[in-house]
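Chemist: What follows is the file model-v8.csv, containing CSV, C-alpha atoms and all ligand atoms:
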chain,number,residue,atom,x,y,z
A,1,MET,CA,140.6,122.3,111.0
A,2,VAL,CA,139.3,119.3,113.0
A,3,SER,CA,140.7,115.8,112.4
A,4,TYR,CA,138.2,113.0,112.5
A,5,LYS,CA,140.8,111.0,114.3
A,6,ASP,CA,140.6,113.4,117.3
A,7,LEU,CA,136.8,112.7,117.4
A,8,GLY,CA,137.3,108.9,117.6
A,9,LEU,CA,136.0,108.3,114.1
A,10,VAL,CA,137.6,106.1,111.5
A,11,ASN,CA,137.8,106.2,107.7
A,12,THR,CA,136.4,103.4,105.5
A,13,ARG,CA,139.6,101.7,104.4
A,14,GLU,CA,140.1,99.0,107.0
A,15,MET,CA,136.4,98.5,107.3
A,16,PHE,CA,135.9,97.8,103.6
A,17,LYS,CA,138.9,95.5,103.4
A,18,LYS,CA,137.5,93.3,106.2
A,19,ALA,CA,134.0,93.5,104.6
A,20,ILE,CA,135.2,92.2,101.2
A,21,GLU,CA,137.3,89.5,102.8
A,22,GLY,CA,134.4,88.5,105.1
A,23,GLY,CA,131.7,88.6,102.4
A,24,TYR,CA,129.5,91.1,104.1
A,25,ALA,CA,128.5,94.8,103.7
A,26,ILE,CA,128.7,97.8,106.1
A,27,PRO,CA,125.4,99.5,106.7
A,28,ALA,CA,125.4,103.2,105.8
A,29,PHE,CA,122.4,104.7,107.6
A,30,ASN,CA,121.4,108.4,107.1
A,31,PHE,CA,120.7,110.5,110.1
A,32,ASN,CA,119.2,114.0,110.7
A,33,ASN,CA,118.3,114.0,114.3
A,34,MET,CA,119.0,112.5,117.7
A,35,GLU,CA,116.5,109.7,117.6
A,36,GLN,CA,117.9,108.3,114.4
A,37,MET,CA,121.4,108.5,115.7
A,38,GLN,CA,120.5,106.7,118.9
A,39,ALA,CA,118.7,104.0,117.0
A,40,ILE,CA,121.7,103.5,114.7
A,41,ILE,CA,124.3,103.4,117.4
A,42,SER,CA,122.4,101.2,119.9
A,43,ALA,CA,121.4,98.7,117.2
A,44,CYS,CA,125.0,98.5,115.9
A,45,VAL,CA,126.4,98.2,119.4
A,46,GLU,CA,124.0,95.4,120.3
A,47,CYS,CA,124.7,93.4,117.2
A,48,SER,CA,128.4,94.3,117.1
A,49,SER,CA,128.4,95.8,113.7
A,50,PRO,CA,130.7,98.5,112.3
A,51,VAL,CA,128.7,101.5,110.9
A,52,ILE,CA,128.7,104.4,108.6
A,53,LEU,CA,126.8,107.4,109.8
A,54,GLN,CA,125.7,109.2,106.6
A,55,VAL,CA,124.9,112.9,106.3
A,56,SER,CA,123.3,114.3,103.1
A,57,SER,CA,123.4,118.0,102.2
A,58,GLY,CA,119.7,118.1,103.1
A,59,ALA,CA,120.6,116.8,106.5
A,60,ARG,CA,123.2,119.5,106.9
A,61,LYS,CA,120.7,122.2,106.1
A,62,TYR,CA,118.0,120.6,108.3
A,63,ALA,CA,120.0,119.9,111.4
A,64,ASN,CA,123.0,122.3,111.1
A,65,GLN,CA,126.4,120.8,110.1
A,66,THR,CA,128.1,121.8,113.4
A,67,LEU,CA,125.5,120.1,115.5
A,68,LEU,CA,125.7,116.9,113.3
A,69,ARG,CA,129.5,116.8,113.7
A,70,TYR,CA,129.2,117.0,117.5
A,71,MET,CA,126.5,114.4,117.4
A,72,ALA,CA,128.8,112.0,115.5
A,73,GLN,CA,131.5,112.7,118.1
A,74,GLY,CA,128.9,112.0,120.7
A,75,ALA,CA,128.0,108.8,118.9
A,76,VAL,CA,131.5,107.5,119.5
A,77,GLU,CA,131.2,108.1,123.3
A,78,TYR,CA,127.6,106.8,123.3
A,79,ALA,CA,128.8,103.5,121.8
A,80,LYS,CA,131.5,103.1,124.4
A,81,GLU,CA,129.0,103.9,127.1
A,82,LEU,CA,126.7,101.2,125.7
A,83,GLY,CA,129.6,98.8,126.0
A,84,LYS,CA,131.3,98.5,122.6
A,85,ASN,CA,133.8,100.6,120.8
A,86,ILE,CA,132.4,99.9,117.3
A,87,PRO,CA,134.2,101.5,114.4
A,88,ILE,CA,132.1,104.6,113.3
A,89,VAL,CA,132.6,106.5,110.0
A,90,LEU,CA,131.1,110.0,109.5
A,91,HIS,CA,130.4,110.2,105.8
A,92,LEU,CA,129.1,112.9,103.5
A,93,ASP,CA,126.4,111.5,101.2
A,94,HIS,CA,126.2,112.9,97.6
A,95,GLY,CA,128.7,115.7,97.9
A,96,ASN,CA,128.3,117.8,94.7
A,97,SER,CA,131.3,120.2,94.9
A,98,PHE,CA,134.9,120.4,96.0
A,99,GLU,CA,133.9,123.2,98.4
A,100,LEU,CA,131.3,121.1,100.2
A,101,CYS,CA,133.7,118.1,100.5
A,102,LYS,CA,136.5,120.3,101.7
A,103,ASN,CA,134.2,121.9,104.2
A,104,CYS,CA,133.2,118.5,105.6
A,105,ILE,CA,136.8,117.2,105.7
A,106,ASP,CA,137.9,120.3,107.5
A,107,MET,CA,135.0,119.8,110.0
A,108,GLY,CA,135.9,116.2,111.0
A,109,PHE,CA,134.2,114.0,108.4
A,110,SER,CA,136.2,110.8,107.9
A,111,SER,CA,134.8,110.0,104.5
A,112,VAL,CA,133.1,111.9,101.7
A,113,MET,CA,131.2,111.0,98.5
A,114,ILE,CA,131.8,113.2,95.5
A,115,ASP,CA,129.0,112.5,93.1
A,116,GLY,CA,129.7,113.6,89.5
A,117,SER,CA,127.7,110.7,88.1
A,118,HIS,CA,125.3,113.0,86.2
A,119,LEU,CA,128.2,114.8,84.4
A,120,PRO,CA,130.0,113.8,81.2
A,121,TYR,CA,132.7,111.2,82.0
A,122,ASP,CA,135.7,113.6,81.8
A,123,GLU,CA,134.0,116.2,84.1
A,124,ASN,CA,133.1,113.4,86.6
A,125,VAL,CA,136.8,112.4,86.6
A,126,ALA,CA,137.9,116.1,87.1
A,127,LEU,CA,135.4,116.7,90.0
A,128,THR,CA,136.3,113.5,91.7
A,129,LYS,CA,139.9,114.7,92.0
A,130,VAL,CA,138.7,116.0,95.4
A,131,VAL,CA,140.5,112.8,96.3
A,132,ASP,CA,143.8,114.7,96.2
A,133,TYR,CA,142.7,117.0,99.0
A,134,ALA,CA,141.0,114.3,101.0
A,135,HIS,CA,143.9,111.9,101.0
A,136,GLN,CA,146.2,114.6,102.6
A,137,PHE,CA,144.1,114.1,105.7
A,138,ASP,CA,143.6,110.3,105.3
A,139,VAL,CA,139.9,110.9,104.5
A,140,THR,CA,138.5,108.2,102.1
A,141,VAL,CA,136.4,109.1,99.0
A,142,GLU,CA,133.5,107.4,97.3
A,143,GLY,CA,132.9,108.3,93.6
A,144,GLU,CA,130.1,107.2,91.3
A,145,LEU,CA,129.7,105.9,87.8
A,146,GLY,CA,126.3,105.3,86.3
A,147,VAL,CA,123.1,107.1,87.2
A,148,LEU,CA,120.4,105.9,89.6
A,149,ALA,CA,116.7,106.8,89.1
A,150,GLY,CA,114.6,108.1,91.9
A,151,VAL,CA,114.6,111.1,94.3
A,152,GLU,CA,116.7,111.5,97.5
A,153,ASP,CA,116.8,114.9,99.2
A,154,GLU,CA,118.3,117.1,96.5
A,155,VAL,CA,119.5,114.2,94.3
A,156,SER,CA,117.0,113.2,91.6
A,157,SER,CA,117.1,111.7,88.2
A,158,GLU,CA,114.3,110.9,85.8
A,159,VAL,CA,116.4,108.5,83.7
A,160,ALA,CA,118.8,105.9,85.0
A,161,HIS,CA,121.7,104.3,83.2
A,162,TYR,CA,123.7,101.4,84.3
A,163,THR,CA,127.4,101.6,85.1
A,164,ARG,CA,129.5,100.8,82.1
A,165,PRO,CA,132.0,98.1,83.3
A,166,GLU,CA,134.5,99.2,80.5
A,167,GLU,CA,134.9,102.6,82.3
A,168,VAL,CA,135.6,101.5,85.9
A,169,VAL,CA,139.3,100.8,85.7
A,170,ASP,CA,140.1,104.1,84.0
A,171,PHE,CA,137.9,106.0,86.4
A,172,VAL,CA,139.4,104.4,89.5
A,173,THR,CA,143.0,104.8,88.2
A,174,LYS,CA,142.6,108.4,87.1
A,175,THR,CA,140.8,109.6,90.3
A,176,GLY,CA,142.3,107.5,93.0
A,177,VAL,CA,138.9,106.9,94.7
A,178,ASP,CA,138.7,104.5,97.6
A,179,SER,CA,135.3,103.1,96.7
A,180,LEU,CA,132.9,103.2,93.8
A,181,ALA,CA,129.1,103.6,93.8
A,182,ILE,CA,127.6,101.8,90.8
A,183,SER,CA,124.2,101.6,89.2
A,184,ILE,CA,122.8,98.1,88.7
A,185,GLY,CA,119.1,98.7,89.2
A,186,THR,CA,118.8,100.1,92.7
A,187,SER,CA,117.0,103.4,93.0
A,188,HIS,CA,116.5,106.3,95.5
A,189,GLY,CA,113.3,106.8,97.5
A,190,ALA,CA,110.3,104.8,98.4
A,191,ASN,CA,108.8,104.6,94.9
A,192,LYS,CA,111.8,102.9,93.2
A,193,PHE,CA,110.0,101.7,90.2
A,194,LYS,CA,106.9,102.6,88.2
A,195,PRO,CA,104.1,99.9,88.4
A,196,GLU,CA,104.6,99.3,84.7
A,197,GLN,CA,108.2,98.3,85.3
A,198,CYS,CA,107.1,95.7,87.9
A,199,THR,CA,105.1,92.5,88.0
A,200,ARG,CA,102.5,91.9,90.7
A,201,ASN,CA,102.4,88.9,93.0
A,202,GLU,CA,99.1,87.1,94.0
A,203,GLU,CA,98.6,89.7,96.8
A,204,GLY,CA,98.9,92.5,94.4
A,205,ILE,CA,102.2,93.6,95.7
A,206,LEU,CA,104.6,95.1,93.2
A,207,LEU,CA,107.8,93.1,92.5
A,208,PRO,CA,110.6,95.2,90.9
A,209,PRO,CA,112.9,94.1,88.1
A,210,PRO,CA,115.9,92.1,89.5
A,211,LEU,CA,119.3,93.8,90.0
A,212,ARG,CA,121.8,93.4,87.2
A,213,PHE,CA,124.1,91.0,88.9
A,214,ASP,CA,125.8,90.4,85.5
A,215,ILE,CA,127.0,94.0,85.4
A,216,LEU,CA,128.2,93.7,89.0
A,217,ALA,CA,130.1,90.5,88.1
A,218,GLU,CA,131.8,92.2,85.2
A,219,ILE,CA,132.8,95.2,87.4
A,220,GLU,CA,134.3,92.8,89.9
A,221,LYS,CA,136.2,91.1,87.2
A,222,GLN,CA,137.6,94.5,86.1
A,223,LEU,CA,138.4,95.6,89.6
A,224,PRO,CA,139.2,92.6,91.7
A,225,GLY,CA,138.8,93.3,95.5
A,226,PHE,CA,137.8,96.9,95.0
A,227,PRO,CA,135.1,98.2,97.3
A,228,ILE,CA,131.8,98.7,95.6
A,229,VAL,CA,128.8,100.7,97.0
A,230,LEU,CA,125.1,100.4,96.4
A,231,HIS,CA,122.9,103.5,96.9
A,232,GLY,CA,119.1,103.4,97.0
A,233,SER,CA,119.0,100.0,98.7
A,234,SER,CA,115.9,100.2,100.9
A,235,SER,CA,113.5,97.3,100.6
A,236,VAL,CA,110.4,99.3,101.4
A,237,PRO,CA,108.8,96.8,103.9
A,238,GLN,CA,105.2,96.4,103.0
A,239,GLU,CA,104.2,96.1,106.7
A,240,TYR,CA,105.2,99.7,107.2
A,241,VAL,CA,103.5,100.9,104.1
A,242,LYS,CA,100.4,99.1,105.3
A,243,ILE,CA,100.5,100.8,108.8
A,244,ILE,CA,101.0,104.2,107.2
A,245,ASN,CA,98.1,103.7,104.8
A,246,THR,CA,95.7,102.4,107.4
A,247,HIS,CA,96.6,105.3,109.7
A,248,GLY,CA,95.8,108.2,107.5
A,249,GLY,CA,98.7,108.0,105.1
A,250,ALA,CA,98.7,107.9,101.3
A,251,LEU,CA,101.7,106.1,100.0
A,252,LYS,CA,101.0,104.8,96.6
A,253,ASP,CA,102.8,101.9,94.8
A,254,ALA,CA,105.8,102.1,97.2
A,255,VAL,CA,108.3,99.5,96.2
A,256,GLY,CA,111.9,98.6,97.1
A,257,ILE,CA,114.7,96.2,96.5
A,258,PRO,CA,114.0,92.7,97.8
A,259,GLU,CA,116.2,91.8,100.8
A,260,GLU,CA,117.2,88.5,99.2
A,261,GLN,CA,118.9,90.4,96.4
A,262,LEU,CA,120.8,92.7,98.8
A,263,ARG,CA,121.9,89.7,100.8
A,264,GLN,CA,123.4,88.3,97.6
A,265,ALA,CA,125.1,91.6,96.7
A,266,ALA,CA,126.5,91.9,100.2
A,267,LYS,CA,128.4,88.6,99.7
A,268,SER,CA,130.2,90.1,96.7
A,269,ALA,CA,132.5,93.1,96.4
A,270,VAL,CA,129.6,95.3,97.5
A,271,CYS,CA,130.8,96.4,100.9
A,272,LYS,CA,128.6,99.5,101.6
A,273,ILE,CA,124.9,99.5,101.3
A,274,ASN,CA,122.9,102.7,101.8
A,275,ILE,CA,119.6,102.5,103.5
A,276,ASP,CA,117.5,105.6,104.2
A,277,SER,CA,113.9,105.3,103.0
A,278,ASP,CA,113.3,102.2,105.2
A,279,GLY,CA,114.1,104.2,108.3
A,280,ARG,CA,111.8,107.0,107.2
A,281,LEU,CA,109.0,104.5,106.7
A,282,ALA,CA,109.5,102.8,110.1
A,283,MET,CA,109.4,106.2,111.9
A,284,THR,CA,106.5,107.4,110.0
A,285,ALA,CA,104.5,104.2,110.5
A,286,MET,CA,105.0,104.4,114.3
A,287,VAL,CA,104.3,108.1,114.6
A,288,ARG,CA,101.1,107.8,112.6
A,289,LYS,CA,100.0,104.8,114.7
A,290,VAL,CA,100.4,106.7,118.0
A,291,PHE,CA,98.5,109.7,116.6
A,292,VAL,CA,95.6,107.6,115.4
A,293,ASP,CA,95.5,105.3,118.3
A,294,ASN,CA,95.9,108.0,120.9
A,295,PRO,CA,94.8,111.4,119.5
A,296,ALA,CA,95.2,113.0,122.9
A,297,GLU,CA,98.9,112.4,123.0
A,298,PHE,CA,101.1,115.5,122.7
A,299,ASP,CA,104.4,114.6,124.3
A,300,PRO,CA,106.9,114.2,121.5
A,301,ARG,CA,108.7,111.5,123.5
A,302,LYS,CA,105.6,109.4,123.3
A,303,TYR,CA,105.7,109.2,119.5
A,304,LEU,CA,109.4,109.7,118.8
A,305,GLY,CA,110.2,107.0,121.4
A,306,PRO,CA,108.2,104.3,119.6
A,307,ALA,CA,109.6,105.5,116.3
A,308,ARG,CA,113.1,105.2,117.6
A,309,ASP,CA,112.4,101.7,119.0
A,310,GLU,CA,111.1,100.5,115.6
A,311,LEU,CA,114.0,102.1,113.8
A,312,LYS,CA,116.5,100.2,116.1
A,313,LYS,CA,114.7,97.0,115.4
A,314,LEU,CA,114.9,97.6,111.7
A,315,TYR,CA,118.6,98.4,111.8
A,316,LYS,CA,119.4,95.3,113.8
A,317,HIS,CA,117.4,93.3,111.3
A,318,LYS,CA,119.4,94.8,108.4
A,319,CYS,CA,122.8,94.1,110.1
A,320,GLU,CA,121.8,90.5,111.2
A,321,ASN,CA,119.7,89.3,108.3
A,322,VAL,CA,120.6,91.3,105.2
A,323,LEU,CA,124.1,92.8,105.2
A,324,GLY,CA,125.8,90.2,107.4
A,325,SER,CA,127.7,92.9,109.3
A,326,ALA,CA,126.5,91.7,112.8
A,327,GLY,CA,129.1,90.1,115.0
A,328,ARG,CA,132.0,91.5,113.0
A,329,VAL,CA,133.4,93.7,115.8
A,330,GLU,CA,135.4,91.9,118.5
A,401,ZN,ZN,122.4,107.9,97.1
Hey, can you dump this file as structure tokens for me?
Modeler:
Amino acid sequence: MVSYKDLGLVNTREMFKKAIEGGYAIPAFNFNNMEQMQAIISACVECSSPVILQVSSGARKYANQTLLRYMAQGAVEYAKELGKNIPIVLHLDHGNSFELCKNCIDMGFSSVMIDGSHLPYDENVALTKVVDYAHQFDVTVEGELGVLAGVEDEVSSEVAHYTRPEEVVDFVTKTGVDSLAISIGTSHGANKFKPEQCTRNEEGILLPPPLRFDILAEIEKQLPGFPIVLHGSSSVPQEYVKIINTHGGALKDAVGIPEEQLRQAAKSAVCKINIDSDGRLAMTAMVRKVFVDNPAEFDPRKYLGPARDELKKLYKHKCENVLGSAGRVE
């Protein structure tokens, strides 16, 4: 048993409280490798933002869970070395069983998500009782009500349904969760909506249906001051899609959530916003560019380096211009 406190990590409680009071959201960035971790930490240190390092079960399989844990511990020291002791959470994204959550808690995670959103309501409540174990170690838990569409690692759903505001008080009371992920129209992946769900602007770029701020407002009314989480909140920058597609890629009809809508959400009780696909797009765009522009290149540092630089730029932009989390650490 390793306590996250010994690793220098924090849970989400204090962070979310400040975010709600301050009208901003904490970035939750997924990581699977060293370059992503470096980009996240250096960006957040430079703009003085708290951060949630997010690990999916896919990441655990890809990178090895022990290695990821030590990388998170390293991230704390790396931030200090860069000059700022920013609060860092190590969070399990989309935990699907008690065993997985327990395993992460026992290994030093400071926060876990238990996702029973695809289950019937009562089974979701029962599964989310992972809270009882987590709270013994002061680990915070995120639950979910409502189903997002889209594909994310091993999480996928064909049909989405919005969170039902009439269920949230009962769910939070029965489970004791510390935060709640909701479904108001965000979606996993880089193809968040089918073209027929969208309209096109004059440049032919797809514009998705707007988020359901009416549902968010109703949830806030039911749970005043309670931390709300948005998954699937990448904006799918079209400049990256363009670079990818003009450098040998084939991303069709990629579409995300406009940043303006996320900016609006961040000012509400939404205090954690998950961004993964945008980082994947940034890295892929830069790697493709190097390969096309310089086919003789074979040093991984020469393509992962530019990918890391672009990723850092993207993350800083998110903290400064979208989530409002920049400048929130003394
Ligand atoms: Zn998610």
Chemist: Name the residues within 10 Å of (137.3, 93.0, 117.6), counting only C-alpha atoms in the file's coordinates, and put them as a VMD selection string.
Modeler: chain A and resid 48 84 to 87 327 to 330
Chemist: I need the residues from that last selection saved to file as a compact mmCIF listing (two decimals), in the coordinates of the input (with C-alpha atoms), if you can.
Modeler:
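Saved to result_15.txt:
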# COMPACT_ATOMS: atom_id res chain seq x y z
CA SER A 48 128.40 94.30 117.10
CA LYS A 84 131.30 98.50 122.60
CA ASN A 85 133.80 100.60 120.80
CA ILE A 86 132.40 99.90 117.30
CA PRO A 87 134.20 101.50 114.40
CA GLY A 327 129.10 90.10 115.00
CA ARG A 328 132.00 91.50 113.00
CA VAL A 329 133.40 93.70 115.80
CA GLU A 330 135.40 91.90 118.50
Chemist: Considering all atoms listed in the file, can you say which of A:His91, A:His188, A:His161, A:Lys252 comes closest to Phe31 of chain A?
Modeler: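 The closest residue to Phe31 of chain A is A:His91.
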Chemist: Skip Ser183 of chain A itself and residues of its chain fewer than 6 positions away, then list as a PyMOL selection string all residues within 12 Å of it, counting only C-alpha atoms.
Modeler: chain A and resi 117-118+143-150+159-165+168+211-216+219+228-233+270
Chemist: Hey, which of A:Gly189, A:Pro50, A:Gly74, A:Gly108 ends up closest to ligand ZN 401 (chain A)? Count only C-alpha atoms and all ligand atoms.
Modeler: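 That would be A:Gly189, the residue with the smallest distance to ligand ZN 401 (chain A).
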Chemist: Fewer than 2 positions away in the same chain doesn't count, so skip those; otherwise give me all residues within 9 Å of Ile52 of chain A, counting only C-alpha atoms, as a list of chain:residue names.
Modeler: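 The residues that qualify are A:Thr12, A:Ile26, A:Pro27, A:Ala28, A:Phe29, A:Asn30, A:Pro50, A:Gln54, A:Pro87, A:Ile88, A:Val89, A:Leu90, A:His91, A:Lys272.
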Chemist: Looking at all atoms listed in the file, which of A:Leu251, A:Gln36, A:Gly204, A:Phe16 is the one that sits closest to Leu311 of chain A?
Modeler: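 With all atoms listed in the file as the atom set, the closest residue is A:Gln36.
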Chemist: Write out as a ChimeraX atom specification each polymer residue whose atoms come within 8 Å of segment 235-250 of chain A, counting only C-alpha atoms; drop sequence neighbours fewer than 4 positions from it.
Modeler: /A:190,254-259,277-278,281-282,284-286,288-289,292
Chemist: For the point (121.5, 97.7, 116.9) in the file's frame, write as a PyMOL selection string all residues with an atom no more than 12 Å away, counting all atoms listed in the file.
Modeler: chain A and resi 27+29+36-51+79+82+84+86+308-320+325-327
Chemist: One number please: atom CA of Leu119 of chain A to atom CA of Thr140 of chain A, in Å, one decimal.
Modeler: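 Here the two named atoms are 21.5 Å from each other.
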Chemist: Let me make sure I understand: among A:Met107, A:Val287, A:Ala181, A:Leu68, which one has the smallest atom-to-atom distance to ligand ZN 401 (chain A) if we use all atoms listed in the file?
Modeler: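 Of A:Met107, A:Val287, A:Ala181, A:Leu68, the one nearest ligand ZN 401 (chain A) is A:Ala181, counting all atoms listed in the file.
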Chemist: So, counting only C-alpha atoms and all ligand atoms, which residue among A:Ser57, A:Ser187, A:Asn32, A:Thr173 is closest to ligand ZN 401 (chain A)?
Modeler: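 Of the candidates, the smallest distance to ligand ZN 401 (chain A) is held by A:Ser187.
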Chemist: Can you work out the spacing between atom CA of Phe193 of chain A and atom CA of Pro210 of chain A in Å, to one decimal?
Modeler: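 Pair atom CA of Phe193 of chain A / atom CA of Pro210 of chain A returns 11.3 Å.
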Chemist: Go ahead and compute the interatomic distance for atom CA of Ser179 of chain A and atom CA of Pro227 of chain A, in Å to one decimal.
Modeler: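 Separation between atom CA of Ser179 of chain A and atom CA of Pro227 of chain A: 4.9 Å.
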Chemist: For Ala269 of chain A, work out the shell of residues within 9 Å, counting only C-alpha atoms and skipping chain neighbours fewer than 6 positions away, then give it as a ChimeraX atom specification.
Modeler: /A:19-21,23-25,216,220,224-229
Chemist: With distances taken over all atoms listed in the file, which of A:Val131, A:Cys198, A:Leu67, A:Val55 is nearest to ligand ZN 401 (chain A)?
Modeler: A:Val55
